[in-house]
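The structure appears right after this line, and notes come after that.
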Amino acid sequence: MASCVLCRRVPRLRYLPGFTKDFTQAQHVAVKQEDEMDDLEGKKEVLQHQEAFPQGRYKLYYNPSSYHPSLWNSATSRSQTYNDEDEQCLSTLAPSFWQQSNYYSVSSSRHLSSSTNALLDLAFNKGPEPERPSLSPYCGKPTPPDVKVDTRAFLKCRPEYASMALDLTQRSHPIEWEEALPVLQKVTFLKGSMKPSDVSQFLMELSRLHPDKMPLVRSDQRFIMLLRYSVEHLRLFTQLQLLEVLQSFVWLDMPSAHTVLGLYEAELNRRANQMSLHHLLFAADLWRCIGRQVPQFLQHLYDSVRLHLGQMGVPELVQLLYITGEGRQCSKDLIHPVEQLLMRHLQQLYPEEVGAVCLALFKSQTSISERAVTRIIDKAHSFVEEMSDFAIVNVLKFLRFSYLYHRTWLQAMSREVPRRAHRMGVQGLMHVALACSALHYRDDNILLAIAEKIPSLVPHCRSKDSCKLLWAFGTLGFLPAQSPSFYPSLTEGLRRRKAEFQQYPEHLLTGLLGLAFVSQFPEDLIALALSPAFVNLALKSTQLELKKDLFTLDEAVALELPQWTGPRLSCKLREEVEEMMWKFAQSDVCRKPEVLEAESVLQDLLGGEKFVFKRMILPHTRSIDLEVHLDSTGQPIPVNPASHTAALSEDNSSSKYPSHQGWERMNVGVTITEELLTQLTSTKTPTEPLTPSPAVKPTSLHRVEPDEGGRLFDTGLDLTSDIIETLCKPRIQAAAPQASKRTVKLAIQVSSRNHYCYQSQHLLGLHAMKRRQLKLAGYRVVELSHQEWFPMLRKSRVEKLAHLHCKIYNSLY
């Protein structure tokens, strides 16, 4: 039976500027739907009263079956993004020490909702009430959770939290629908004669309904009338009543975008200067439980904190940090005093409080000093065995953001993660792996424990979880043979969730790049990622720059799948990205001292600029190389097209270097032997890193002026100009390999610590892929590793020449 409800005018709302406008809009929407409104059980008793409106007054029709579906859908989307704290990797504050983001990390866009001081809009479009996330702050995804986690467990550490936070686990004993009907009937009976105390009491009683009945009460016309009267009494509520009403909205599971909440937000902003610190913290916590972002109210809270720093104890500090984390921002001028308070109270924190603090600092992207970070992790390590899995994951998130390598904590994780992995959820395991990859920390105990558990959890994996796991394991160079079911199970999970990539295209690229690092190329997913429709979707993304990721994937496929007949990026897009990457390289890595010195020494060694070409041989790998070409006799071949040199005939006639046949017969007073070159470079064999031999004490070398006729070794060897000159010549041994009949292309790489897993010889995924693909492209890789080349920078030119002479020419054999 269709019905409509006519409500009285609300004369007390003159202070609301949107009153007339909203009623006009409501009428236009409602008149169309008057005959379509569905009646729920119990509505026969609702508002038989009808007050006649004078001519020209507006009539307001109700459709309680929908709560702003368009607004709620967008709010749901924002809430889901808002709750994905693991994606907040890009800080808006300058890091206070060496802090870096994961190169492929994904940042989400959070649109802060603004308060609207307008009348409750009760003209709703027809349609079922949309699904909303439950009270759990991290719900809202369609994937069923594998492990339930109490994200607010720290509130149980101290009774003082009760005055500044709502314990969501302590819900009142629920009442049945039959017990709620008398309350709704009282609303009908009292109508405009309700007092503020009546309104708050009725809302509190209705909030005790069983959660399953909440949609029923929210769609009841009498409840909507109660909301209207609560707006009428908004300024008449005491502070306690106002907080009680807001608390009832939590239990009623009100949509965070509901218009009435905007009015309450405005009223709390107006009263903020009159509220105590505990009331402000409590109100902020209620807004968090509702899921509504209230940046203006939080600013009032931060202003109050600055005035009451002396009253901040441990519970106030932890709750404040929790609020800043959930609000995704911390006032810049609050960071330093909060850091000081945290250091003062650090030793009093319980394990779950330390976890809450780390999560808050991570979510709010708050950069504190390295010393403070170290002390916090030290404290966490002191009771790591007592911490919950959730708290441990939060510490790892904070380390990931701070980019701090804490040896003892990570060593503890090598024990704790394998012990806990069997009971952890997929998101927790994903964050452990992501932290290890961000820190370049490879520990096979951790990785194997995660890899063995993940295949059974794939049904619970969101596309984001699967892709970030693939990225993390690929970055750390975890090979498929180490856990045969790991990569296939996650890849199959991506296939089942392909629809999600329409909303999150960056996730697919993240996962496919992680797979490419370890030579895994699922062709069906690659065809999707490189399809014109998907490429256009990715390029339209306003959140991320995905061109580089598309380019890296496209070029990797071209090299490693020569039989590929699927889609490719357009030439125009490839050229655009390549140019962009080269411009960045020219302004950054090309100017690094270790690269410039290697380039200069190689030019001296080989005979000029034309023999050394500094470029990105494989632009999609995002790093540069020094390219050198040698012929079958070891002679350098010009390779740098940008160099300006004299004609080849002139070079030959005026060359200061003698021919190869005369090298061994040069009258320099000493024979240039393998042993001498080995001694000059302080290496046992030419291919080993520059480290002293344990059996032989390295010769002490020193730079001497030419006119001194000095001695290079204590044994009496004269360092003559001829020796220096000879060190710059190619040397061909008599037993040259028969395979060297054609041009040899060398890719000389000046590597750094950031190319490797921490304190290991395992290349990170991107750089391992580059080495593999350079070989496929016909290059021999010659590495000037950071362990050997950086110490050489402090040595003489002769030693550098000798070192590069060995590196270049021994790579031919």
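Every chain in the structure tokens takes a letter, A first, then B, and so on in the order presented; its residues are numbered from 1, and the ligands are numbered from 1 following the presented order.
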
Could you give me, as a tab-separated table, every range 555-602 of chain A residue with an atom at most 8 Å from range 770-782 of chain A, plus its closest atom pair and distance in Å to one decimal, counting only C-alpha atoms, rows ordered by chain then number?
```
residue	atom	partner	partner_atom	distance
A:Ala556	CA	A:Gln773	CA	7.7
A:Leu559	CA	A:Gln773	CA	6.7
A:Glu560	CA	A:Gln773	CA	7.3
```

**Message:** Need to verify the contact set: Leu301 in chain A, 12 Å, only C-alpha atoms, exclusion of same-chain residues closer than 3 positions in sequence. Can you return it as a VMD selection string?
**Reply:** chain A and resid 268 to 269 271 to 285 294 to 298 304 to 309 316 319 to 321 323 to 324 327 330 to 331 334

Same residues, N, CA and C atoms, saved as a tab-separated table (two decimals), in the first residue's frame:
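Ended up saving to selection.tsv:
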```tsv
chain	number	residue	atom	x	y	z
A	268	LEU	N	29.15	20.62	16.48
A	268	LEU	CA	30.32	20.30	17.30
A	268	LEU	C	31.48	21.24	17.00
A	269	ASN	N	31.64	21.63	15.75
A	269	ASN	CA	32.67	22.62	15.42
A	269	ASN	C	32.41	23.93	16.15
A	271	ARG	N	30.88	24.31	18.98
A	271	ARG	CA	31.05	24.18	20.43
A	271	ARG	C	32.46	23.77	20.85
A	272	ALA	N	33.34	23.50	19.88
A	272	ALA	CA	34.63	22.89	20.20
A	272	ALA	C	35.41	23.67	21.25
A	273	ASN	N	35.37	24.98	21.19
A	273	ASN	CA	36.15	25.79	22.13
A	273	ASN	C	35.63	25.69	23.56
A	274	GLN	N	34.40	25.16	23.72
A	274	GLN	CA	33.83	25.04	25.06
A	274	GLN	C	34.00	23.63	25.64
A	275	MET	N	34.54	22.71	24.84
A	275	MET	CA	34.61	21.32	25.25
A	275	MET	C	35.96	21.01	25.89
A	276	SER	N	35.94	20.06	26.84
A	276	SER	CA	37.17	19.63	27.49
A	276	SER	C	37.97	18.75	26.53
A	277	LEU	N	39.23	18.52	26.88
A	277	LEU	CA	40.08	17.70	26.04
A	277	LEU	C	39.52	16.29	25.90
A	278	HIS	N	39.01	15.73	27.01
A	278	HIS	CA	38.45	14.38	26.96
A	278	HIS	C	37.20	14.32	26.08
A	279	HIS	N	36.36	15.35	26.16
A	279	HIS	CA	35.16	15.38	25.33
A	279	HIS	C	35.53	15.52	23.85
A	280	LEU	N	36.55	16.32	23.56
A	280	LEU	CA	37.00	16.45	22.18
A	280	LEU	C	37.54	15.12	21.64
A	281	LEU	N	38.34	14.43	22.44
A	281	LEU	CA	38.87	13.13	22.04
A	281	LEU	C	37.75	12.12	21.84
A	282	PHE	N	36.75	12.17	22.73
A	282	PHE	CA	35.64	11.24	22.63
A	282	PHE	C	34.81	11.51	21.37
A	283	ALA	N	34.53	12.77	21.12
A	283	ALA	CA	33.77	13.12	19.92
A	283	ALA	C	34.52	12.72	18.66
A	284	ALA	N	35.84	12.97	18.65
A	284	ALA	CA	36.64	12.57	17.50
A	284	ALA	C	36.61	11.06	17.29
A	285	ASP	N	36.62	10.31	18.39
A	285	ASP	CA	36.55	8.86	18.29
A	285	ASP	C	35.20	8.40	17.75
A	294	VAL	N	36.30	14.38	9.50
A	294	VAL	CA	35.92	15.70	10.01
A	294	VAL	C	37.19	16.54	10.22
A	295	PRO	N	37.87	16.94	9.18
A	295	PRO	CA	39.14	17.65	9.34
A	295	PRO	C	39.04	18.94	10.12
A	296	GLN	N	37.92	19.67	9.97
A	296	GLN	CA	37.79	20.93	10.70
A	296	GLN	C	37.69	20.67	12.20
A	297	PHE	N	36.93	19.65	12.58
A	297	PHE	CA	36.82	19.33	14.00
A	297	PHE	C	38.17	18.85	14.56
A	298	LEU	N	38.88	18.07	13.78
A	298	LEU	CA	40.19	17.60	14.24
A	298	LEU	C	41.15	18.77	14.45
A	304	SER	N	43.36	22.51	20.78
A	304	SER	CA	43.16	22.30	22.22
A	304	SER	C	44.33	21.55	22.84
A	305	VAL	N	44.87	20.59	22.10
A	305	VAL	CA	46.01	19.81	22.61
A	305	VAL	C	47.19	20.72	22.89
A	306	ARG	N	47.44	21.66	21.99
A	306	ARG	CA	48.57	22.56	22.20
A	306	ARG	C	48.41	23.38	23.47
A	307	LEU	N	47.17	23.63	23.87
A	307	LEU	CA	46.94	24.41	25.08
A	307	LEU	C	46.96	23.54	26.34
A	308	HIS	N	46.89	22.21	26.17
A	308	HIS	CA	46.80	21.32	27.33
A	308	HIS	C	47.87	20.24	27.31
A	309	LEU	N	49.04	20.56	26.78
A	309	LEU	CA	50.10	19.55	26.70
A	309	LEU	C	50.47	19.03	28.08
A	316	GLU	N	45.83	9.72	27.01
A	316	GLU	CA	45.49	10.87	26.15
A	316	GLU	C	46.41	10.92	24.93
A	319	GLN	N	45.58	7.95	22.48
A	319	GLN	CA	44.30	8.18	21.80
A	319	GLN	C	44.42	9.32	20.80
A	320	LEU	N	45.17	10.37	21.14
A	320	LEU	CA	45.39	11.46	20.19
A	320	LEU	C	46.10	10.95	18.94
A	321	LEU	N	47.14	10.14	19.13
A	321	LEU	CA	47.85	9.61	17.98
A	321	LEU	C	46.95	8.71	17.14
A	323	ILE	N	43.76	9.02	16.77
A	323	ILE	CA	42.86	9.91	16.03
A	323	ILE	C	43.58	10.54	14.84
A	324	THR	N	44.82	10.98	15.05
A	324	THR	CA	45.57	11.59	13.94
A	324	THR	C	45.80	10.56	12.83
A	327	GLY	N	42.62	10.05	10.98
A	327	GLY	CA	42.33	11.25	10.19
A	327	GLY	C	43.30	11.47	9.05
A	330	CYS	N	48.50	14.90	10.54
A	330	CYS	CA	48.88	15.45	11.84
A	330	CYS	C	49.35	16.87	11.61
A	331	SER	N	48.83	17.77	12.40
A	331	SER	CA	49.21	19.18	12.27
A	331	SER	C	50.73	19.32	12.40
A	334	LEU	N	52.30	20.31	15.55
A	334	LEU	CA	52.05	19.42	16.67
A	334	LEU	C	53.06	18.27	16.72
```

**Request:** With a distance cut-off of 9 Å and only C-alpha atoms, select the neighbouring residues of Lys800 in chain A, excluding the residue or stretch itself and same-chain residues fewer than 6 positions from it, and output the selection as number ranges by chain.
**Result:** A: 598, 601, 681, 789, 792-793

**Message:** Residues within 8 Å of range 470-477 of chain A, please, as number ranges by chain. Count only C-alpha atoms; anything in the same chain fewer than 2 positions from it doesn't count.
**Reply:** A: 433-434, 436-438, 440-442, 447, 466-468, 479, 487, 490, 510-518, 757, 762-766, 768

Produce a file of the selected residues containing C-alpha atoms, as a PDB file, in the first residue's frame.
```pdb
ATOM      1  CA  ALA A 433      56.290  -9.072   2.883  1.00  0.00           C
ATOM      2  CA  LEU A 434      55.792  -5.484   1.741  1.00  0.00           C
ATOM      3  CA  CYS A 436      60.676  -6.580   3.885  1.00  0.00           C
ATOM      4  CA  SER A 437      60.713  -5.546   0.220  1.00  0.00           C
ATOM      5  CA  ALA A 438      60.643  -1.829   1.047  1.00  0.00           C
ATOM      6  CA  HIS A 440      65.356  -4.593   0.856  1.00  0.00           C
ATOM      7  CA  TYR A 441      65.525  -7.181   3.618  1.00  0.00           C
ATOM      8  CA  ARG A 442      65.551 -10.728   2.354  1.00  0.00           C
ATOM      9  CA  LEU A 447      59.495 -15.548   2.880  1.00  0.00           C
ATOM     10  CA  SER A 466      47.694 -10.633  -4.404  1.00  0.00           C
ATOM     11  CA  CYS A 467      49.453  -7.981  -6.464  1.00  0.00           C
ATOM     12  CA  LYS A 468      51.423  -6.537  -3.577  1.00  0.00           C
ATOM     13  CA  LEU A 479      62.344 -17.727  -7.239  1.00  0.00           C
ATOM     14  CA  TYR A 487      53.222 -17.739  -7.785  1.00  0.00           C
ATOM     15  CA  LEU A 490      48.309 -15.867  -6.697  1.00  0.00           C
ATOM     16  CA  THR A 510      52.134  -3.950  -9.800  1.00  0.00           C
ATOM     17  CA  GLY A 511      51.498  -7.691  -9.793  1.00  0.00           C
ATOM     18  CA  LEU A 512      52.681  -8.273 -13.362  1.00  0.00           C
ATOM     19  CA  LEU A 513      55.916  -6.380 -12.770  1.00  0.00           C
ATOM     20  CA  GLY A 514      56.596  -8.474  -9.681  1.00  0.00           C
ATOM     21  CA  LEU A 515      56.099 -11.588 -11.803  1.00  0.00           C
ATOM     22  CA  ALA A 516      58.324 -10.232 -14.571  1.00  0.00           C
ATOM     23  CA  PHE A 517      61.158  -9.756 -12.091  1.00  0.00           C
ATOM     24  CA  VAL A 518      61.278 -13.540 -11.661  1.00  0.00           C
ATOM     25  CA  CYS A 757      69.067  -6.842  -0.876  1.00  0.00           C
ATOM     26  CA  HIS A 762      71.022 -10.958  -4.043  1.00  0.00           C
ATOM     27  CA  LEU A 763      70.089  -8.425  -6.711  1.00  0.00           C
ATOM     28  CA  LEU A 764      66.702  -6.789  -6.284  1.00  0.00           C
ATOM     29  CA  GLY A 765      64.085  -7.869  -8.793  1.00  0.00           C
ATOM     30  CA  LEU A 766      64.274  -4.926 -11.197  1.00  0.00           C
ATOM     31  CA  ALA A 768      68.109  -8.890 -11.774  1.00  0.00           C
TER      32      ALA A 768
END
```

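Of the residues listed (A:Ser531, A:Thr408, A:Gln293, A:Ser485), A:Ser485 shows the shortest atom-to-atom separation from Leu448 in chain A; distances use only C-alpha atoms.
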
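Distances to Ile224 in chain A were evaluated for A:Ala449, A:Pro641, A:Gln520, A:Thr259 using only C-alpha atoms, and the minimum falls at A:Thr259.
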
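Among the candidates A:Glu339, A:Glu352, A:Asp378, A:Glu576, the one nearest to Ile392 in chain A when counting only C-alpha atoms is A:Glu352.
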
**Asked** Do you know which residues are at most 9 Å from Leu317 in chain A counting only C-alpha atoms, after dropping those on the same chain fewer than 2 positions away, and could you put them as an MDAnalysis selection string?
**Response** chainID A and resid 312:315 319:322 338 341:342 345

Next, the residues of the selection above should be written as a tab-separated table (two decimals), in the first residue's frame with N, CA and C atoms.
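File written: again_19.tsv
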```tsv
chain	number	residue	atom	x	y	z
A	312	MET	N	48.50	15.94	29.27
A	312	MET	CA	48.53	14.75	28.43
A	312	MET	C	49.29	13.63	29.11
A	313	GLY	N	48.53	12.62	29.54
A	313	GLY	CA	49.16	11.41	30.05
A	313	GLY	C	49.27	10.37	28.95
A	314	VAL	N	49.61	9.14	29.33
A	314	VAL	CA	49.77	8.08	28.34
A	314	VAL	C	48.47	7.83	27.56
A	315	PRO	N	47.32	7.63	28.24
A	315	PRO	CA	46.10	7.33	27.45
A	315	PRO	C	45.69	8.48	26.53
A	319	GLN	N	45.58	7.95	22.48
A	319	GLN	CA	44.30	8.18	21.80
A	319	GLN	C	44.42	9.32	20.80
A	320	LEU	N	45.17	10.37	21.14
A	320	LEU	CA	45.39	11.46	20.19
A	320	LEU	C	46.10	10.95	18.94
A	321	LEU	N	47.14	10.14	19.13
A	321	LEU	CA	47.85	9.61	17.98
A	321	LEU	C	46.95	8.71	17.14
A	322	TYR	N	46.12	7.92	17.83
A	322	TYR	CA	45.18	7.07	17.09
A	322	TYR	C	44.26	7.93	16.22
A	338	VAL	N	54.45	16.41	20.23
A	338	VAL	CA	53.97	15.04	20.37
A	338	VAL	C	55.15	14.07	20.45
A	341	LEU	N	56.53	14.28	23.94
A	341	LEU	CA	55.65	13.57	24.88
A	341	LEU	C	55.82	12.06	24.73
A	342	LEU	N	55.93	11.62	23.51
A	342	LEU	CA	56.06	10.19	23.26
A	342	LEU	C	57.36	9.66	23.85
A	345	HIS	N	56.99	9.39	27.68
A	345	HIS	CA	56.12	8.33	28.22
A	345	HIS	C	56.40	6.95	27.62
```

**Asked** DSSP on the backbone: what in range 433-642 of chain A comes out strand (DSSP E), as a ChimeraX atom specification?
**Response** /A:613-615,625-630,636-637

With C-alpha atoms kept, could you save the residues just selected as a PDB file, in the first residue's frame?
```
ATOM      1  CA  PHE A 613      78.617   5.841 -24.579  1.00  0.00           C
ATOM      2  CA  LYS A 614      76.702   6.765 -21.421  1.00  0.00           C
ATOM      3  CA  ARG A 615      73.074   5.910 -22.017  1.00  0.00           C
ATOM      4  CA  ASP A 625      75.018   2.003 -18.450  1.00  0.00           C
ATOM      5  CA  LEU A 626      78.418   2.825 -19.892  1.00  0.00           C
ATOM      6  CA  GLU A 627      78.421   1.069 -23.250  1.00  0.00           C
ATOM      7  CA  VAL A 628      81.706  -0.106 -24.783  1.00  0.00           C
ATOM      8  CA  HIS A 629      82.262  -2.102 -28.007  1.00  0.00           C
ATOM      9  CA  LEU A 630      85.392  -4.152 -28.688  1.00  0.00           C
ATOM     10  CA  PRO A 636      87.793  -0.483 -28.885  1.00  0.00           C
ATOM     11  CA  ILE A 637      85.257   0.490 -31.529  1.00  0.00           C
TER      12      ILE A 637
END
```

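Residues in contact with Ser207 in chain A at 10 Å, where only C-alpha atoms are counted and same-chain residues fewer than 4 positions away are skipped, are listed as Arg171, Ser172, Pro174, Ile175, Ala180, Gln201, Phe202, Leu203, Pro211, Met214, Val217, Val245, Gln247, Ser248, Phe249, Val250, Trp251, Leu252 and Asp253 of chain A.
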
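Relative to CA of Leu439 in chain A, CA of Ala421 in chain A is found at 19.8 Å.
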
**Request:** Just the alpha helix (DSSP H) stuff from range 538-637 of chain A, please, per backbone DSSP, written as a ChimeraX atom specification.
**Result:** /A:538-539,547-560,571-587,593-606

Could you take the residues named above and write them with C-alpha atoms, as a CSV table (one decimal), in the first residue's frame?
```csv
chain,number,residue,atom,x,y,z
A,538,ALA,CA,45.4,3.4,-16.8
A,539,LEU,CA,46.5,6.7,-18.5
A,547,LYS,CA,53.0,5.3,-18.0
A,548,LYS,CA,56.4,4.1,-16.7
A,549,ASP,CA,54.9,0.8,-15.4
A,550,LEU,CA,53.2,0.1,-18.7
A,551,PHE,CA,56.4,0.9,-20.5
A,552,THR,CA,58.5,-1.4,-18.3
A,553,LEU,CA,56.0,-4.3,-18.7
A,554,ASP,CA,55.8,-3.7,-22.5
A,555,GLU,CA,59.5,-3.8,-23.1
A,556,ALA,CA,60.1,-6.7,-20.8
A,557,VAL,CA,57.6,-8.7,-22.8
A,558,ALA,CA,59.3,-7.7,-26.1
A,559,LEU,CA,62.6,-9.0,-24.9
A,560,GLU,CA,61.6,-12.1,-23.0
A,571,CYS,CA,55.4,3.9,-30.6
A,572,LYS,CA,54.4,7.4,-29.6
A,573,LEU,CA,53.8,6.4,-26.0
A,574,ARG,CA,57.0,4.4,-25.8
A,575,GLU,CA,59.1,7.3,-27.2
A,576,GLU,CA,57.4,9.7,-24.8
A,577,VAL,CA,58.2,7.6,-21.7
A,578,GLU,CA,61.7,6.9,-22.9
A,579,GLU,CA,62.4,10.6,-23.3
A,580,MET,CA,60.9,11.3,-19.9
A,581,MET,CA,63.1,8.7,-18.2
A,582,TRP,CA,66.2,9.9,-20.0
A,583,LYS,CA,65.6,13.5,-18.9
A,584,PHE,CA,65.3,12.3,-15.3
A,585,ALA,CA,68.5,10.2,-15.6
A,586,GLN,CA,70.4,13.2,-17.0
A,587,SER,CA,69.5,15.3,-14.0
A,593,PRO,CA,80.5,11.3,-8.9
A,594,GLU,CA,81.0,7.5,-9.1
A,595,VAL,CA,79.5,7.4,-12.6
A,596,LEU,CA,81.3,10.5,-13.9
A,597,GLU,CA,84.7,9.1,-12.6
A,598,ALA,CA,84.1,5.7,-14.2
A,599,GLU,CA,83.2,7.4,-17.5
A,600,SER,CA,86.3,9.5,-17.4
A,601,VAL,CA,88.7,6.7,-16.6
A,602,LEU,CA,87.2,4.5,-19.3
A,603,GLN,CA,87.7,7.2,-21.8
A,604,ASP,CA,91.3,7.5,-20.8
A,605,LEU,CA,91.7,3.7,-20.9
A,606,LEU,CA,90.1,3.2,-24.3
```

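Rounded to one decimal, CA of Leu349 in chain A and CA of Arg419 in chain A lie 24.6 Å from each other.
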